[in-house]
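Structure data (compact mmCIF, C-alpha atoms and all ligand atoms) from input_27.txt:
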```txt
# COMPACT_ATOMS: atom_id res chain seq x y z
CA MET A 1 75.41 -10.69 -90.04
CA SER A 2 78.42 -12.28 -91.60
CA SER A 3 80.63 -9.13 -91.75
CA THR A 4 80.68 -5.36 -91.19
CA ILE A 5 79.73 -3.26 -94.23
CA THR A 6 81.15 0.27 -94.56
CA ASP A 7 79.75 3.21 -96.57
CA ALA A 8 82.53 2.68 -99.12
CA ASP A 9 81.43 -0.93 -99.51
CA ARG A 10 77.88 0.20 -100.23
CA GLN A 11 79.07 2.03 -103.36
CA GLN A 12 80.38 -1.20 -104.86
CA VAL A 13 78.21 -3.32 -107.13
CA VAL A 14 78.49 -7.08 -106.88
CA THR A 15 77.02 -9.72 -109.15
CA LEU A 16 75.63 -12.99 -107.82
CA THR A 17 72.87 -15.44 -108.66
CA ILE A 18 69.69 -15.90 -106.66
CA ASN A 19 67.46 -18.83 -107.54
CA GLY A 20 69.33 -19.08 -110.84
CA VAL A 21 68.81 -15.41 -111.75
CA THR A 22 71.88 -13.20 -112.21
CA VAL A 23 71.58 -10.13 -110.01
CA SER A 24 73.76 -6.98 -109.70
CA VAL A 25 73.23 -5.02 -106.47
CA ASN A 26 75.05 -2.82 -104.00
CA LYS A 27 77.36 -4.65 -101.63
CA GLY A 28 75.63 -3.62 -98.41
CA MET A 29 72.42 -5.49 -99.15
CA THR A 30 71.31 -8.66 -97.46
CA LEU A 31 70.30 -11.55 -99.67
CA VAL A 32 66.62 -10.86 -98.97
CA GLU A 33 67.02 -7.22 -99.97
CA ALA A 34 68.92 -8.25 -103.09
CA ALA A 35 66.17 -10.66 -104.11
CA TRP A 36 63.50 -8.01 -103.62
CA HIS A 37 65.61 -5.35 -105.37
CA ALA A 38 66.03 -7.62 -108.37
CA GLY A 39 62.32 -8.35 -108.51
CA ILE A 40 62.84 -12.07 -108.17
CA SER A 41 59.49 -13.73 -107.88
CA ARG A 42 58.66 -16.87 -105.93
CA VAL A 43 61.01 -16.01 -103.07
CA THR A 44 59.00 -17.49 -100.23
CA SER A 45 59.73 -18.20 -96.60
CA VAL A 46 60.75 -14.66 -95.65
CA GLY A 47 59.61 -13.52 -92.24
CA CYS A 48 60.99 -11.26 -89.53
CA LEU A 49 64.12 -9.95 -91.35
CA GLU A 50 65.92 -9.99 -87.98
CA GLY A 51 67.20 -13.55 -87.77
CA VAL A 52 64.57 -14.53 -85.25
CA CYS A 53 61.90 -16.44 -87.16
CA GLY A 54 64.27 -18.81 -89.00
CA SER A 55 62.18 -18.74 -92.19
CA CYS A 56 64.55 -17.45 -94.87
CA ARG A 57 66.80 -20.51 -95.21
CA VAL A 58 69.22 -20.38 -98.10
CA MET A 59 71.83 -22.63 -99.63
CA LEU A 60 75.03 -20.73 -100.42
CA GLY A 61 77.46 -21.85 -103.09
CA ARG A 62 80.96 -20.41 -103.13
CA GLY A 63 82.79 -22.38 -105.78
CA LYS A 64 82.85 -25.98 -104.59
CA GLU A 65 81.93 -25.00 -101.03
CA VAL A 66 78.25 -25.27 -100.17
CA THR A 67 76.88 -23.99 -96.89
CA VAL A 68 73.53 -22.84 -95.56
CA GLY A 69 72.35 -19.77 -93.70
CA LEU A 70 69.61 -17.20 -93.17
CA ALA A 71 69.13 -14.77 -96.06
CA CYS A 72 68.22 -11.84 -93.84
CA GLN A 73 71.49 -12.27 -91.94
CA THR A 74 73.82 -12.76 -94.89
CA PHE A 75 75.24 -9.98 -97.08
CA VAL A 76 75.61 -10.31 -100.83
CA GLU A 77 79.00 -11.44 -102.12
CA ALA A 78 80.43 -11.39 -105.63
CA GLY A 79 79.96 -14.70 -107.41
CA ILE A 80 77.97 -16.41 -104.68
CA GLU A 81 75.12 -18.71 -105.75
CA VAL A 82 72.05 -18.43 -103.56
CA VAL A 83 69.03 -20.72 -103.52
CA PHE A 84 66.10 -20.07 -101.21
CA LEU A 85 65.09 -23.35 -99.59
CA PRO A 86 61.54 -24.52 -98.91
CA ALA A 87 60.47 -25.45 -95.41
CA ALA A 88 62.11 -28.62 -94.13
CA SER A 89 60.12 -31.83 -94.27
CA ALA A 90 61.67 -33.65 -91.32
CA PRO A 91 59.51 -36.46 -89.93
CA ARG A 92 57.05 -35.10 -87.40
CA HIS A 93 57.16 -36.38 -83.85
CA HIS A 94 53.77 -36.31 -82.18
CA TYR A 95 53.19 -35.77 -78.47
CA GLU A 96 51.01 -33.67 -76.20
CA ILE A 97 53.02 -31.84 -73.59
CA ASP A 98 49.99 -31.79 -71.26
CA ASP A 99 50.09 -35.60 -71.20
CA PHE A 100 53.27 -35.39 -69.13
CA GLN A 101 51.89 -35.48 -65.60
CA ASP A 102 55.21 -35.76 -63.81
CA GLY A 103 58.88 -36.02 -64.67
CA TRP A 104 59.38 -39.71 -63.92
CA ASP A 105 58.49 -41.11 -67.30
CA ILE A 106 60.07 -38.44 -69.48
CA HIS A 107 63.11 -40.52 -70.35
CA ALA A 108 61.09 -43.48 -71.61
CA ARG A 109 58.64 -41.21 -73.40
CA PHE A 110 61.42 -39.21 -75.02
CA HIS A 111 62.97 -42.31 -76.57
CA GLU A 112 59.54 -43.46 -77.79
CA ILE A 113 58.94 -40.10 -79.45
CA PHE A 114 62.50 -39.67 -80.76
CA PRO A 115 63.85 -43.22 -81.22
CA GLU A 116 66.55 -41.87 -83.56
CA ALA A 117 68.05 -39.53 -80.94
CA SER A 118 70.45 -42.14 -79.57
CA ARG A 119 71.78 -42.92 -83.05
CA CYS A 120 73.88 -39.75 -83.48
CA ARG A 121 76.92 -40.59 -85.59
CA HIS A 122 78.75 -37.37 -84.62
CA CYS A 123 79.13 -36.19 -88.17
CA HIS A 124 78.84 -32.50 -87.04
CA GLY A 125 76.44 -31.78 -89.93
CA CYS A 126 73.94 -30.13 -87.62
CA VAL A 127 76.61 -27.93 -86.04
CA ARG A 128 77.97 -26.82 -89.42
CA SER A 129 74.48 -25.98 -90.66
CA CYS A 130 73.31 -23.95 -87.67
CA PRO A 131 73.22 -20.19 -88.41
CA LYS A 132 72.89 -19.42 -84.70
CA GLY A 133 76.08 -21.18 -83.66
CA ILE A 134 74.28 -23.63 -81.40
CA ALA A 135 76.12 -26.72 -80.14
CA VAL A 136 73.40 -28.88 -81.67
CA GLU A 137 75.29 -32.16 -81.45
CA ASP A 138 76.00 -31.62 -77.74
CA GLY A 139 72.33 -30.79 -77.20
CA ILE A 140 71.29 -34.06 -78.78
CA ALA A 141 73.75 -35.97 -76.59
CA LEU A 142 72.38 -34.24 -73.48
CA ALA A 143 68.80 -35.07 -74.45
CA ALA A 144 69.65 -38.69 -75.21
CA ALA A 145 71.27 -38.92 -71.77
CA GLY A 146 68.14 -37.57 -70.10
CA ARG A 147 69.55 -34.13 -69.28
CA TYR A 148 66.56 -32.25 -70.74
CA ARG A 149 67.04 -29.00 -68.88
CA ASP A 150 70.68 -28.74 -70.02
CA ALA A 151 69.64 -29.70 -73.55
CA GLY A 152 66.90 -27.07 -73.49
CA GLU A 153 69.46 -24.44 -72.43
CA THR A 154 71.70 -25.52 -75.30
CA PHE A 155 68.87 -24.85 -77.76
CA ILE A 156 67.67 -21.65 -76.07
CA GLU A 157 68.61 -19.43 -79.08
CA CYS A 158 67.19 -21.85 -81.66
CA VAL A 159 64.98 -20.13 -84.25
CA MET A 160 63.57 -23.39 -85.68
CA CYS A 161 64.97 -22.85 -89.14
CA GLU A 162 65.31 -26.65 -89.31
CA LEU A 163 68.54 -26.51 -91.29
CA CYS A 164 69.96 -29.01 -88.80
CA ASP A 165 67.03 -31.34 -89.51
CA VAL A 166 67.88 -31.27 -93.20
CA ALA A 167 71.56 -31.89 -92.47
CA CYS A 168 71.08 -34.88 -90.17
CA PRO A 169 71.69 -38.23 -91.94
CA GLU A 170 70.06 -40.13 -89.07
CA LEU A 171 66.80 -38.15 -89.31
CA ILE A 172 67.09 -37.23 -85.66
CA ALA A 173 65.32 -33.91 -86.26
CA PRO A 174 67.59 -32.01 -83.85
CA ALA A 175 65.46 -28.86 -84.01
CA HIS A 176 62.48 -30.81 -82.74
CA VAL A 177 64.50 -32.57 -80.06
CA GLY A 178 65.58 -29.12 -78.89
CA LEU A 179 62.01 -27.86 -78.95
CA PHE A 180 60.87 -30.89 -76.93
CA CYS A 181 63.55 -30.18 -74.34
CA ARG A 182 62.55 -26.55 -74.08
CA ARG A 183 58.90 -27.53 -73.75
CA VAL A 184 59.36 -30.11 -71.01
CA THR A 185 61.68 -27.73 -69.16
CA ALA A 186 59.04 -25.00 -69.30
CA HIS A 187 56.32 -27.50 -68.40
CA PHE A 188 58.02 -28.64 -65.21
CA HIS A 189 60.18 -25.64 -64.34
CA LEU A 190 60.39 -21.90 -64.82
CA ARG A 191 59.76 -20.56 -68.32
CA PRO A 192 62.81 -19.72 -70.50
CA PRO A 193 64.31 -16.33 -69.56
CA ASN A 194 63.98 -14.82 -73.06
CA LEU A 195 60.26 -15.67 -73.05
CA ILE A 196 59.85 -14.11 -69.60
CA PHE A 197 61.62 -10.94 -70.79
CA ARG A 198 59.45 -10.70 -73.93
CA LEU A 199 56.21 -11.23 -72.04
CA GLU A 200 57.30 -8.65 -69.44
CA ALA A 201 58.08 -6.18 -72.25
CA ILE A 202 54.57 -6.73 -73.65
CA ARG A 203 53.05 -6.37 -70.18
CA GLN A 204 54.84 -3.04 -69.75
CA SER A 205 53.63 -1.96 -73.24
CA ARG A 206 57.20 -1.76 -74.49
CA MET A 207 56.40 -4.28 -77.22
CA GLU A 208 53.16 -4.79 -79.17
CA PRO A 209 51.89 -8.39 -79.16
CA ASP A 210 51.64 -9.96 -82.61
CA HIS A 211 48.29 -11.74 -82.86
CA GLU A 212 48.79 -13.10 -86.35
S1 LIG B 301 69.45 -25.67 -83.83
FE1 LIG B 301 68.70 -26.23 -85.89
S2 LIG B 301 66.68 -25.27 -86.08
FE2 LIG B 301 67.77 -24.29 -84.34
S3 LIG B 301 68.74 -22.47 -85.24
FE3 LIG B 301 70.28 -24.14 -85.31
S4 LIG B 301 69.98 -25.10 -87.34
FE4 LIG B 301 68.18 -23.81 -86.97
S1 LIG B 302 73.69 -34.17 -87.97
FE1 LIG B 302 72.59 -35.78 -86.83
S2 LIG B 302 74.01 -37.51 -86.78
FE2 LIG B 302 75.23 -35.73 -87.37
S3 LIG B 302 76.07 -34.91 -85.41
FE3 LIG B 302 74.13 -33.83 -85.79
S4 LIG B 302 72.55 -35.01 -84.69
FE4 LIG B 302 74.38 -36.34 -84.89
```
Full structure transcribed into structure tokens:
Amino acid sequence: MSSTITDADRQQVVTLTINGVTVSVNKGMTLVEAAWHAGISRVTSVGCLEGVCGSCRVMLGRGKEVTVGLACQTFVEAGIEVVFLPAASAPRHHYEIDDFQDGWDIHARFHEIFPEASRCRHCHGCVRSCPKGIAVEDGIALAAAGRYRDAGETFIECVMCELCDVACPELIAPAHVGLFCRRVTAHFHLRPPNLIFRLEAIRQSRMEPDHE
């Protein structure tokens, strides 16, 4: 979340706009809660409400400053303009991870699948757009240099919101480069630690599997 909200804060009413609708709500609400509270229809792309699924992308206008974020992780602010964004439409990169029989041809295959990855212009747009604070630009540089395990580690907290894909002027699709790196790392090495922990929690019945 962007800041700590106290009980005194929650008594305050703030006015903002969500998808062009003027809304007055209590200060402690997240943007998703505010949209629901105001009965705003056609708010789509809302998922886990915990900043994990990356679905609730929003554009945030504060005067002339425009940023992006996750609506379930951002509190309402007076005067802020919020627009829920549709799913990104970055170019898809097709590959079958099972086609990778060994690690020797990964570098050539990577640059066939992601020919744009070596064209990073270091504009920092992906870094500025990432709500998880990931060093996206560094991850792309690592992948382009063939350091897929290091790149995969860089993207380990990525929630695939694809805000970096939208921000990238070279259409590199950083989110998908990161996903590729995590996949090939898992394919040839140990699975990512957060996945191991989650599967172990399910195995020990501490977490219900979601089959949907
Ligand atoms: S790396 Fe890209 S897709 Fe992943 S969380 Fe950051 S902005 Fe979202
Ligand atoms: S937005 Fe694209 S071009 Fe800009 S730094 Fe990130 S990966 Fe490179």
Taking all atoms listed in the file into account, report as number ranges by chain which residues have an atom no farther than 12 Å from an atom of ligand LIG 301 (chain B).
A: 51-58, 67-70, 87-88, 90, 124-140, 151-168, 172-179, 182
Give me a file of those residues, with C-alpha atoms, as an mmCIF file, keeping the file's coordinate frame.
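File produced: selection_3.cif:
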```cif
data_model
loop_
_atom_site.group_PDB
_atom_site.id
_atom_site.type_symbol
_atom_site.label_atom_id
_atom_site.label_comp_id
_atom_site.auth_asym_id
_atom_site.auth_seq_id
_atom_site.Cartn_x
_atom_site.Cartn_y
_atom_site.Cartn_z
ATOM 1 C CA GLY A 51 67.200 -13.550 -87.770
ATOM 2 C CA VAL A 52 64.570 -14.530 -85.250
ATOM 3 C CA CYS A 53 61.900 -16.440 -87.160
ATOM 4 C CA GLY A 54 64.270 -18.810 -89.000
ATOM 5 C CA SER A 55 62.180 -18.740 -92.190
ATOM 6 C CA CYS A 56 64.550 -17.450 -94.870
ATOM 7 C CA ARG A 57 66.800 -20.510 -95.210
ATOM 8 C CA VAL A 58 69.220 -20.380 -98.100
ATOM 9 C CA THR A 67 76.880 -23.990 -96.890
ATOM 10 C CA VAL A 68 73.530 -22.840 -95.560
ATOM 11 C CA GLY A 69 72.350 -19.770 -93.700
ATOM 12 C CA LEU A 70 69.610 -17.200 -93.170
ATOM 13 C CA ALA A 87 60.470 -25.450 -95.410
ATOM 14 C CA ALA A 88 62.110 -28.620 -94.130
ATOM 15 C CA ALA A 90 61.670 -33.650 -91.320
ATOM 16 C CA HIS A 124 78.840 -32.500 -87.040
ATOM 17 C CA GLY A 125 76.440 -31.780 -89.930
ATOM 18 C CA CYS A 126 73.940 -30.130 -87.620
ATOM 19 C CA VAL A 127 76.610 -27.930 -86.040
ATOM 20 C CA ARG A 128 77.970 -26.820 -89.420
ATOM 21 C CA SER A 129 74.480 -25.980 -90.660
ATOM 22 C CA CYS A 130 73.310 -23.950 -87.670
ATOM 23 C CA PRO A 131 73.220 -20.190 -88.410
ATOM 24 C CA LYS A 132 72.890 -19.420 -84.700
ATOM 25 C CA GLY A 133 76.080 -21.180 -83.660
ATOM 26 C CA ILE A 134 74.280 -23.630 -81.400
ATOM 27 C CA ALA A 135 76.120 -26.720 -80.140
ATOM 28 C CA VAL A 136 73.400 -28.880 -81.670
ATOM 29 C CA GLU A 137 75.290 -32.160 -81.450
ATOM 30 C CA ASP A 138 76.000 -31.620 -77.740
ATOM 31 C CA GLY A 139 72.330 -30.790 -77.200
ATOM 32 C CA ILE A 140 71.290 -34.060 -78.780
ATOM 33 C CA ALA A 151 69.640 -29.700 -73.550
ATOM 34 C CA GLY A 152 66.900 -27.070 -73.490
ATOM 35 C CA GLU A 153 69.460 -24.440 -72.430
ATOM 36 C CA THR A 154 71.700 -25.520 -75.300
ATOM 37 C CA PHE A 155 68.870 -24.850 -77.760
ATOM 38 C CA ILE A 156 67.670 -21.650 -76.070
ATOM 39 C CA GLU A 157 68.610 -19.430 -79.080
ATOM 40 C CA CYS A 158 67.190 -21.850 -81.660
ATOM 41 C CA VAL A 159 64.980 -20.130 -84.250
ATOM 42 C CA MET A 160 63.570 -23.390 -85.680
ATOM 43 C CA CYS A 161 64.970 -22.850 -89.140
ATOM 44 C CA GLU A 162 65.310 -26.650 -89.310
ATOM 45 C CA LEU A 163 68.540 -26.510 -91.290
ATOM 46 C CA CYS A 164 69.960 -29.010 -88.800
ATOM 47 C CA ASP A 165 67.030 -31.340 -89.510
ATOM 48 C CA VAL A 166 67.880 -31.270 -93.200
ATOM 49 C CA ALA A 167 71.560 -31.890 -92.470
ATOM 50 C CA CYS A 168 71.080 -34.880 -90.170
ATOM 51 C CA ILE A 172 67.090 -37.230 -85.660
ATOM 52 C CA ALA A 173 65.320 -33.910 -86.260
ATOM 53 C CA PRO A 174 67.590 -32.010 -83.850
ATOM 54 C CA ALA A 175 65.460 -28.860 -84.010
ATOM 55 C CA HIS A 176 62.480 -30.810 -82.740
ATOM 56 C CA VAL A 177 64.500 -32.570 -80.060
ATOM 57 C CA GLY A 178 65.580 -29.120 -78.890
ATOM 58 C CA LEU A 179 62.010 -27.860 -78.950
ATOM 59 C CA ARG A 182 62.550 -26.550 -74.080
#
```
Could you tell me which of A:Arg62, A:His94, A:His107, A:His122 comes closest to ligand LIG 302 (chain B) if we count all atoms listed in the file?
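Between A:Arg62, A:His94, A:His107, A:His122, the residue approaching ligand LIG 302 (chain B) most closely is A:His122.
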Please give the centre and size of the box around ligand LIG 302 (chain B) (axis-aligned, containing every atom listed in the file, 6 Å added per side), with values in Å to one decimal and written as lines of an AutoDock Vina configuration file.
```
center_x = 74.3
center_y = -35.7
center_z = -86.3
size_x = 15.5
size_y = 15.7
size_z = 15.3
```
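Note that the spacing between atom CA of Ala38 of chain A and atom CA of Leu60 of chain A amounts to 17.8 Å.
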With 7 Å as the threshold, what does the neighbourhood of (68.3, -19.0, -106.6) contain in terms of residues, counting all atoms listed in the file? Coordinates are those of the file; answer as a PyMOL selection string.
chain A and resi 17-21+81-84
Could you give me, as a list in words, the residues within 12 Å of Asp102 of chain A, counting all atoms listed in the file and dropping anything in the same chain fewer than 6 positions from it?
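Once the adjacent positions are removed, what remains is Arg109, Val184, Thr185, His187, Phe188 and His189 of chain A.
Taking atom CA of Ala145 of chain A as the reference point, atom S1 of ligand LIG 302 (chain B) is found at 17.1 Å.
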Could you check which residues have any atom within 12 Å of (68.1, -39.8, -67.0), counting all atoms listed in the file with coordinates taken straight from the file, and then list them as a PDB file with C-alpha atoms, in the frame of the given file?
```pdb
ATOM      1  CA  GLY A 103      58.880 -36.020 -64.670  1.00  0.00           C
ATOM      2  CA  TRP A 104      59.380 -39.710 -63.920  1.00  0.00           C
ATOM      3  CA  ASP A 105      58.490 -41.110 -67.300  1.00  0.00           C
ATOM      4  CA  ILE A 106      60.070 -38.440 -69.480  1.00  0.00           C
ATOM      5  CA  HIS A 107      63.110 -40.520 -70.350  1.00  0.00           C
ATOM      6  CA  ALA A 108      61.090 -43.480 -71.610  1.00  0.00           C
ATOM      7  CA  ARG A 109      58.640 -41.210 -73.400  1.00  0.00           C
ATOM      8  CA  PHE A 110      61.420 -39.210 -75.020  1.00  0.00           C
ATOM      9  CA  HIS A 111      62.970 -42.310 -76.570  1.00  0.00           C
ATOM     10  CA  ALA A 141      73.750 -35.970 -76.590  1.00  0.00           C
ATOM     11  CA  LEU A 142      72.380 -34.240 -73.480  1.00  0.00           C
ATOM     12  CA  ALA A 143      68.800 -35.070 -74.450  1.00  0.00           C
ATOM     13  CA  ALA A 144      69.650 -38.690 -75.210  1.00  0.00           C
ATOM     14  CA  ALA A 145      71.270 -38.920 -71.770  1.00  0.00           C
ATOM     15  CA  GLY A 146      68.140 -37.570 -70.100  1.00  0.00           C
ATOM     16  CA  ARG A 147      69.550 -34.130 -69.280  1.00  0.00           C
ATOM     17  CA  TYR A 148      66.560 -32.250 -70.740  1.00  0.00           C
ATOM     18  CA  ARG A 149      67.040 -29.000 -68.880  1.00  0.00           C
ATOM     19  CA  ASP A 150      70.680 -28.740 -70.020  1.00  0.00           C
TER      20      ASP A 150
END
```
Report the distance between atom CA of Val14 of chain A and atom CA of Glu33 of chain A in Å, rounded to one decimal place.
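Pair atom CA of Val14 of chain A / atom CA of Glu33 of chain A returns 13.4 Å.
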Name the residues in contact with Gly28 of chain A at a cut-off of 12 Å, using all atoms listed in the file, excluding same-chain residues fewer than 4 positions from it; report them as a list in words.
Met1, Ser2, Ser3, Thr4, Ile5, Thr6, Asp7, Ala8, Asp9, Arg10, Gln11, Gln12, Val13, Val14, Ser24, Val32, Glu33, Ala34, Cys72, Gln73, Thr74, Phe75, Val76, Glu77 and Ala78 of chain A
Considering all atoms listed in the file, return as a ChimeraX atom specification whatever protein or nucleic-acid residues lie within 9 Å of Arg121 of chain A, sequence-local ones (same chain, fewer than 3 positions apart) excluded.
/A:118,124,169-170
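When all atoms listed in the file are used to compute distances to ligand LIG 302 (chain B), the closest of the residues A:Glu50, A:Glu65, A:Glu116, A:Glu96 turns out to be A:Glu116.
Minimum atom-to-atom distances from A:Arg183, A:Leu171, A:Asn194, A:Gln204 to ligand LIG 302 (chain B) were compared using all atoms listed in the file, and the lowest value belongs to A:Leu171.
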Check the smallest atom-to-atom distance from each of A:Cys181, A:Ile40, A:Leu199, A:Cys123 to ligand LIG 302 (chain B) using only C-alpha atoms and all ligand atoms, then report the winner.
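Once distances to ligand LIG 302 (chain B) are computed over only C-alpha atoms and all ligand atoms, the minimum belongs to A:Cys123.
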Since the input lacks atoms, please generate N, CA and C atoms for segment 139-158 of chain A and provide them as a PDB file, keeping the file's coordinate frame.
```pdb
ATOM      1  N   GLY A 139      73.703 -30.819 -77.702  1.00  0.00           N
ATOM      2  CA  GLY A 139      72.330 -30.790 -77.200  1.00  0.00           C
ATOM      3  C   GLY A 139      71.627 -32.122 -77.394  1.00  0.00           C
ATOM      4  N   ILE A 140      71.878 -32.744 -78.532  1.00  0.00           N
ATOM      5  CA  ILE A 140      71.290 -34.060 -78.780  1.00  0.00           C
ATOM      6  C   ILE A 140      71.841 -35.084 -77.789  1.00  0.00           C
ATOM      7  N   ALA A 141      73.143 -35.033 -77.540  1.00  0.00           N
ATOM      8  CA  ALA A 141      73.750 -35.970 -76.590  1.00  0.00           C
ATOM      9  C   ALA A 141      73.167 -35.767 -75.183  1.00  0.00           C
ATOM     10  N   LEU A 142      72.963 -34.513 -74.790  1.00  0.00           N
ATOM     11  CA  LEU A 142      72.380 -34.240 -73.480  1.00  0.00           C
ATOM     12  C   LEU A 142      70.963 -34.789 -73.386  1.00  0.00           C
ATOM     13  N   ALA A 143      70.187 -34.574 -74.452  1.00  0.00           N
ATOM     14  CA  ALA A 143      68.800 -35.070 -74.450  1.00  0.00           C
ATOM     15  C   ALA A 143      68.782 -36.593 -74.395  1.00  0.00           C
ATOM     16  N   ALA A 144      69.626 -37.224 -75.192  1.00  0.00           N
ATOM     17  CA  ALA A 144      69.650 -38.690 -75.210  1.00  0.00           C
ATOM     18  C   ALA A 144      70.065 -39.263 -73.866  1.00  0.00           C
ATOM     19  N   ALA A 145      70.834 -38.478 -73.100  1.00  0.00           N
ATOM     20  CA  ALA A 145      71.270 -38.920 -71.770  1.00  0.00           C
ATOM     21  C   ALA A 145      70.275 -38.539 -70.674  1.00  0.00           C
ATOM     22  N   GLY A 146      69.168 -37.911 -71.078  1.00  0.00           N
ATOM     23  CA  GLY A 146      68.140 -37.570 -70.100  1.00  0.00           C
ATOM     24  C   GLY A 146      68.330 -36.229 -69.430  1.00  0.00           C
ATOM     25  N   ARG A 147      69.291 -35.443 -69.894  1.00  0.00           N
ATOM     26  CA  ARG A 147      69.550 -34.130 -69.280  1.00  0.00           C
ATOM     27  C   ARG A 147      68.770 -33.061 -70.058  1.00  0.00           C
ATOM     28  N   TYR A 148      67.436 -33.074 -69.883  1.00  0.00           N
ATOM     29  CA  TYR A 148      66.560 -32.250 -70.740  1.00  0.00           C
ATOM     30  C   TYR A 148      66.689 -30.763 -70.450  1.00  0.00           C
ATOM     31  N   ARG A 149      66.905 -30.428 -69.181  1.00  0.00           N
ATOM     32  CA  ARG A 149      67.040 -29.000 -68.880  1.00  0.00           C
ATOM     33  C   ARG A 149      68.316 -28.440 -69.523  1.00  0.00           C
ATOM     34  N   ASP A 150      69.419 -29.183 -69.401  1.00  0.00           N
ATOM     35  CA  ASP A 150      70.680 -28.740 -70.020  1.00  0.00           C
ATOM     36  C   ASP A 150      70.539 -28.692 -71.541  1.00  0.00           C
ATOM     37  N   ALA A 151      69.858 -29.687 -72.096  1.00  0.00           N
ATOM     38  CA  ALA A 151      69.640 -29.700 -73.550  1.00  0.00           C
ATOM     39  C   ALA A 151      68.794 -28.501 -73.963  1.00  0.00           C
ATOM     40  N   GLY A 152      67.756 -28.217 -73.188  1.00  0.00           N
ATOM     41  CA  GLY A 152      66.900 -27.070 -73.490  1.00  0.00           C
ATOM     42  C   GLY A 152      67.688 -25.765 -73.465  1.00  0.00           C
ATOM     43  N   GLU A 153      68.601 -25.634 -72.483  1.00  0.00           N
ATOM     44  CA  GLU A 153      69.460 -24.440 -72.430  1.00  0.00           C
ATOM     45  C   GLU A 153      70.351 -24.361 -73.661  1.00  0.00           C
ATOM     46  N   THR A 154      70.838 -25.500 -74.112  1.00  0.00           N
ATOM     47  CA  THR A 154      71.700 -25.520 -75.300  1.00  0.00           C
ATOM     48  C   THR A 154      70.958 -24.957 -76.507  1.00  0.00           C
ATOM     49  N   PHE A 155      69.676 -25.270 -76.595  1.00  0.00           N
ATOM     50  CA  PHE A 155      68.870 -24.850 -77.760  1.00  0.00           C
ATOM     51  C   PHE A 155      68.129 -23.537 -77.513  1.00  0.00           C
ATOM     52  N   ILE A 156      68.495 -22.792 -76.472  1.00  0.00           N
ATOM     53  CA  ILE A 156      67.670 -21.650 -76.070  1.00  0.00           C
ATOM     54  C   ILE A 156      67.594 -20.579 -77.168  1.00  0.00           C
ATOM     55  N   GLU A 157      68.620 -20.446 -78.019  1.00  0.00           N
ATOM     56  CA  GLU A 157      68.610 -19.430 -79.080  1.00  0.00           C
ATOM     57  C   GLU A 157      68.116 -19.996 -80.407  1.00  0.00           C
ATOM     58  N   CYS A 158      67.632 -21.215 -80.408  1.00  0.00           N
ATOM     59  CA  CYS A 158      67.190 -21.850 -81.660  1.00  0.00           C
ATOM     60  C   CYS A 158      66.013 -21.085 -82.256  1.00  0.00           C
TER      61      CYS A 158
END
```
